[in-house]
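Take a look at the structure below.
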Amino acid sequence: DFDNVKKQGINGPIFALIAFDSGNYDIPIDKKASVQTTRQGIIDFILDKEIHKGTSKAGGWALSGTDPDPDITFMAIQSLANYMDQKEVKEAVNRALKVMSKKQLSTGGYNSWGTENCESTAQVLTALSEMRIKIDDSRFVKNGKTVYDGLMTFYKDNGAFCHMKGKGANQMSTDQAMYAITSYYRSISGMNRLYD
């Protein structure tokens, strides 16, 4: 039931699409559903949530508010990566990449909610890898620093990653950083994508 998928707002549909596509799974038919979940329905929902859609300021997504957030924007891009053959998807992703290029910090990293953090930067690296955008793409190099450089500023000597610089190791940060690095490695090695 799509009403259940979108209970969290945009977050649920993003990860539902990633999950369905990770193994090219069929979506079960729910005869009791008020709205049956379909891939195209999920895609349309994500596209409809684009910040400032239909205006000259359009580009990116957010969990809430009207300022595009790197975490949600790049998670949305990850979910849409398999659908770039659709004109609306390609245009929305390209607008988002343009907006997010401008939001990259001089460290190569990204922030959310006013704080430069590991998880936001990890989502960017994962999405760029899923899109097969090279790490040295000029749109995502600031002050000579790539997104990978930005991510590595959160690395701790014990092999973990911290949420914010100067803080202790954090499990979520480490998990997201490691799958971002795995996605990057798979991309540069010509392997199948992280979610394939």
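Convention: chains lettered A, B, ... in structure tokens order; per-chain residue numbering from 1; ligands numbered from 1 as shown.
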
So which residues touch Asp1 in chain A within 9 Å, counting only C-alpha atoms, skipping near sequence neighbours fewer than 5 positions away, as a list in words? Ile29, Asp30, Lys31, Lys32, Ala33, Ser34, Val35, Gln36 and Thr37 of chain A

Output of the above residues as a PDB file, in the first residue's frame, restricted to C-alpha atoms:
```pdb
ATOM      1  CA  ILE A  29       0.046  -6.698  -5.433  1.00  0.00           C
ATOM      2  CA  ASP A  30      -1.981  -5.662  -2.398  1.00  0.00           C
ATOM      3  CA  LYS A  31      -5.665  -6.000  -3.279  1.00  0.00           C
ATOM      4  CA  LYS A  32      -6.617  -4.169  -0.066  1.00  0.00           C
ATOM      5  CA  ALA A  33      -4.328  -1.203  -0.759  1.00  0.00           C
ATOM      6  CA  SER A  34      -5.933   2.173  -1.205  1.00  0.00           C
ATOM      7  CA  VAL A  35      -3.114   2.953  -3.673  1.00  0.00           C
ATOM      8  CA  GLN A  36      -0.980   0.141  -5.116  1.00  0.00           C
ATOM      9  CA  THR A  37       2.760   0.827  -4.996  1.00  0.00           C
TER      10      THR A  37
END
```

Residues within 7 Å of Gly108 in chain A, please, as a list in words. Count only C-alpha atoms; anything in the same chain fewer than 2 positions from it doesn't count.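 Final neighbour list, sorted by chain and number: Gln104, Leu105, Ser106, Val141, Lys142, Lys145, Thr146, Val147, Asp149 and Gly150 of chain A.
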
So that I can check the surroundings of Ile51 in chain A, please list as a list in words every protein, DNA and RNA residue that reaches within 9 Å of it, counting only C-alpha atoms and ignoring chain neighbours fewer than 4 positions away. Lys57, Ala58, Gly59, Gly60, Trp61, Ala62, Gly65, Thr66, Asp67 and Pro68 of chain A

Could you write out that same residue set with N, CA, C and O atoms as a CSV table (one decimal), in the first residue's frame?
```csv
chain,number,residue,atom,x,y,z
A,57,LYS,N,14.1,28.4,-9.4
A,57,LYS,CA,14.9,28.0,-8.3
A,57,LYS,C,14.8,26.5,-8.0
A,57,LYS,O,15.3,26.0,-7.0
A,58,ALA,N,14.2,25.7,-8.9
A,58,ALA,CA,14.0,24.3,-8.7
A,58,ALA,C,15.3,23.6,-8.6
A,58,ALA,O,16.3,23.9,-9.3
A,59,GLY,N,15.3,22.5,-7.8
A,59,GLY,CA,16.5,21.7,-7.7
A,59,GLY,C,16.8,21.1,-6.3
A,59,GLY,O,16.9,21.9,-5.4
A,60,GLY,N,16.8,19.8,-6.2
A,60,GLY,CA,17.0,19.1,-4.9
A,60,GLY,C,15.8,18.8,-4.2
A,60,GLY,O,14.7,19.1,-4.6
A,61,TRP,N,16.0,18.1,-3.1
A,61,TRP,CA,14.9,17.6,-2.2
A,61,TRP,C,15.3,17.8,-0.8
A,61,TRP,O,16.5,18.0,-0.4
A,62,ALA,N,14.3,17.8,0.1
A,62,ALA,CA,14.5,17.9,1.5
A,62,ALA,C,13.5,17.0,2.3
A,62,ALA,O,12.4,16.8,1.8
A,65,GLY,N,10.9,21.5,4.9
A,65,GLY,CA,11.4,22.8,4.6
A,65,GLY,C,11.5,23.0,3.1
A,65,GLY,O,11.2,22.2,2.3
A,66,THR,N,12.1,24.2,2.8
A,66,THR,CA,12.2,24.6,1.3
A,66,THR,C,13.7,24.8,0.9
A,66,THR,O,13.9,25.4,-0.1
A,67,ASP,N,14.6,24.3,1.7
A,67,ASP,CA,16.0,24.4,1.3
A,67,ASP,C,16.5,23.0,1.0
A,67,ASP,O,16.4,22.1,1.8
A,68,PRO,N,17.0,22.8,-0.2
A,68,PRO,CA,17.5,21.4,-0.6
A,68,PRO,C,18.6,21.0,0.3
A,68,PRO,O,19.5,21.7,0.6
```

Give me, as a tab-separated table, each residue of range 31-59 of chain A that comes within 12 Å of range 82-101 of chain A, together with its shortest interatomic pair and the distance in Å at one decimal, counting only C-alpha atoms, with rows ordered by chain and rising residue number.
```
residue	atom	partner	partner_atom	distance
A:Arg39	CA	A:Tyr83	CA	10.1
A:Gln40	CA	A:Tyr83	CA	9.7
A:Ile42	CA	A:Tyr83	CA	11.6
A:Ile43	CA	A:Val89	CA	8.1
A:Asp44	CA	A:Val89	CA	8.9
A:Phe45	CA	A:Val89	CA	11.4
A:Ile46	CA	A:Val89	CA	9.4
A:Leu47	CA	A:Ala92	CA	7.1
A:Asp48	CA	A:Ala92	CA	9.9
A:Lys49	CA	A:Ala92	CA	10.5
A:Glu50	CA	A:Ala92	CA	7.6
A:Ile51	CA	A:Ala96	CA	9.2
A:His52	CA	A:Arg95	CA	10.9
A:Lys53	CA	A:Ala92	CA	8.8
A:Gly54	CA	A:Ala92	CA	10.2
A:Thr55	CA	A:Arg95	CA	11.1
A:Ser56	CA	A:Arg95	CA	9.9
A:Lys57	CA	A:Val99	CA	8.9
A:Ala58	CA	A:Arg95	CA	6.8
A:Gly59	CA	A:Ala96	CA	4.3
```

Output file for the residues above (N, CA, C and O atoms, as a compact mmCIF listing (two decimals), in the first residue's frame):
```txt
# COMPACT_ATOMS: atom_id res chain seq x y z
N ARG A 39 6.66 1.21 -9.30
CA ARG A 39 7.91 1.95 -9.47
C ARG A 39 7.63 3.35 -10.01
O ARG A 39 8.16 4.33 -9.51
N GLN A 40 6.79 3.43 -11.03
CA GLN A 40 6.52 4.74 -11.61
C GLN A 40 5.82 5.65 -10.61
O GLN A 40 6.07 6.85 -10.57
N ILE A 42 6.29 5.64 -7.40
CA ILE A 42 7.34 6.10 -6.49
C ILE A 42 8.16 7.20 -7.17
O ILE A 42 8.43 8.25 -6.57
N ILE A 43 8.55 6.96 -8.41
CA ILE A 43 9.34 7.96 -9.15
C ILE A 43 8.58 9.28 -9.22
O ILE A 43 9.13 10.35 -8.94
N ASP A 44 7.31 9.21 -9.59
CA ASP A 44 6.49 10.42 -9.71
C ASP A 44 6.37 11.15 -8.38
O ASP A 44 6.41 12.38 -8.33
N PHE A 45 6.24 10.38 -7.29
CA PHE A 45 6.15 10.99 -5.96
C PHE A 45 7.44 11.75 -5.64
O PHE A 45 7.40 12.88 -5.17
N ILE A 46 8.59 11.10 -5.89
CA ILE A 46 9.88 11.75 -5.62
C ILE A 46 10.02 13.01 -6.48
O ILE A 46 10.40 14.08 -5.97
N LEU A 47 9.70 12.90 -7.75
CA LEU A 47 9.81 14.07 -8.64
C LEU A 47 8.90 15.20 -8.19
O LEU A 47 9.27 16.37 -8.26
N ASP A 48 7.73 14.85 -7.69
CA ASP A 48 6.76 15.86 -7.25
C ASP A 48 7.25 16.62 -6.01
O ASP A 48 6.82 17.74 -5.76
N LYS A 49 8.15 16.01 -5.24
CA LYS A 49 8.65 16.64 -4.01
C LYS A 49 9.88 17.52 -4.25
O LYS A 49 10.47 18.04 -3.28
N GLU A 50 10.27 17.70 -5.50
CA GLU A 50 11.42 18.55 -5.80
C GLU A 50 11.19 19.95 -5.22
O GLU A 50 10.10 20.51 -5.35
N ILE A 51 12.20 20.51 -4.58
CA ILE A 51 12.11 21.84 -3.99
C ILE A 51 11.90 22.87 -5.11
O ILE A 51 12.61 22.84 -6.12
N HIS A 52 10.95 23.76 -4.92
CA HIS A 52 10.64 24.84 -5.88
C HIS A 52 10.35 24.31 -7.28
O HIS A 52 10.68 24.96 -8.28
N LYS A 53 9.75 23.14 -7.34
CA LYS A 53 9.43 22.51 -8.65
C LYS A 53 8.67 23.49 -9.53
O LYS A 53 7.76 24.18 -9.09
N GLY A 54 9.08 23.54 -10.79
CA GLY A 54 8.40 24.38 -11.76
C GLY A 54 8.81 25.84 -11.75
O GLY A 54 8.25 26.66 -12.47
N THR A 55 9.82 26.20 -10.94
CA THR A 55 10.32 27.57 -10.90
C THR A 55 11.79 27.60 -11.30
O THR A 55 12.43 26.56 -11.42
N SER A 56 12.31 28.78 -11.44
CA SER A 56 13.73 28.93 -11.80
C SER A 56 14.65 28.53 -10.64
O SER A 56 15.85 28.35 -10.84
N LYS A 57 14.10 28.38 -9.44
CA LYS A 57 14.89 27.99 -8.27
C LYS A 57 14.84 26.49 -8.01
O LYS A 57 15.34 26.01 -7.00
N ALA A 58 14.20 25.73 -8.90
CA ALA A 58 14.01 24.29 -8.69
C ALA A 58 15.34 23.56 -8.61
O ALA A 58 16.31 23.93 -9.26
N GLY A 59 15.35 22.52 -7.79
CA GLY A 59 16.53 21.67 -7.69
C GLY A 59 16.76 21.11 -6.31
O GLY A 59 16.90 21.86 -5.36
```

note - CA of Cys118 in chain A and CA of Ser22 in chain A are separated by 24.2 Å

Which of range 25-63 of chain A counts as helix (DSSP H, G or I) under DSSP, as a ChimeraX atom specification please? /A:39-48

Find the distance between CA of Gln171 in chain A and CA of Asn4 in chain A and write it in Å to one decimal. 28.0 Å

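For the atom pair formed by CA of Ala160 in chain A and CA of Ser112 in chain A, the distance is 20.6 Å, given to one decimal.
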
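Taking only C-alpha atoms, the non-local environment of Lys167 in chain A within 10 Å (same-chain residues fewer than 6 positions away omitted) comprises Phe154, Lys156 and Phe161 of chain A.
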
Which residues of range 12-88 of chain A have any atom within 6 Å of an atom in range 124-139 of chain A when counting only C-alpha atoms, and what is the closest pair of atoms for each, with the distance in Å to one decimal? Order the rows by chain and rising number and write it as a tab-separated table.
```
residue	atom	partner	partner_atom	distance
A:Phe74	CA	A:Val124	CA	5.5
A:Gln78	CA	A:Ala127	CA	4.9
A:Ala81	CA	A:Met131	CA	5.9
```

Find the spatial neighbours of Glu119 in chain A, counting only C-alpha atoms, within a cut-off of 10 Å - ignore same-chain residues fewer than 6 positions away - and output them as a list of chain:residue names. A:Pro70, A:Asp71, A:Gly109, A:Tyr110, A:Asn111, A:Ser112, A:Leu125, A:Leu151, A:Phe154, A:Phe161, A:Cys162, A:His163, A:Met164, A:Met172, A:Ser173, A:Thr174, A:Asp175, A:Gln176, A:Ala177, A:Ala180

Select, from A:Asn158, A:Thr73, A:Ser189, A:Ser79, the residue with the minimum atom-to-atom distance to Thr121 in chain A, counting only C-alpha atoms.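 Ranked by minimum distance to Thr121 in chain A, first place goes to A:Thr73.
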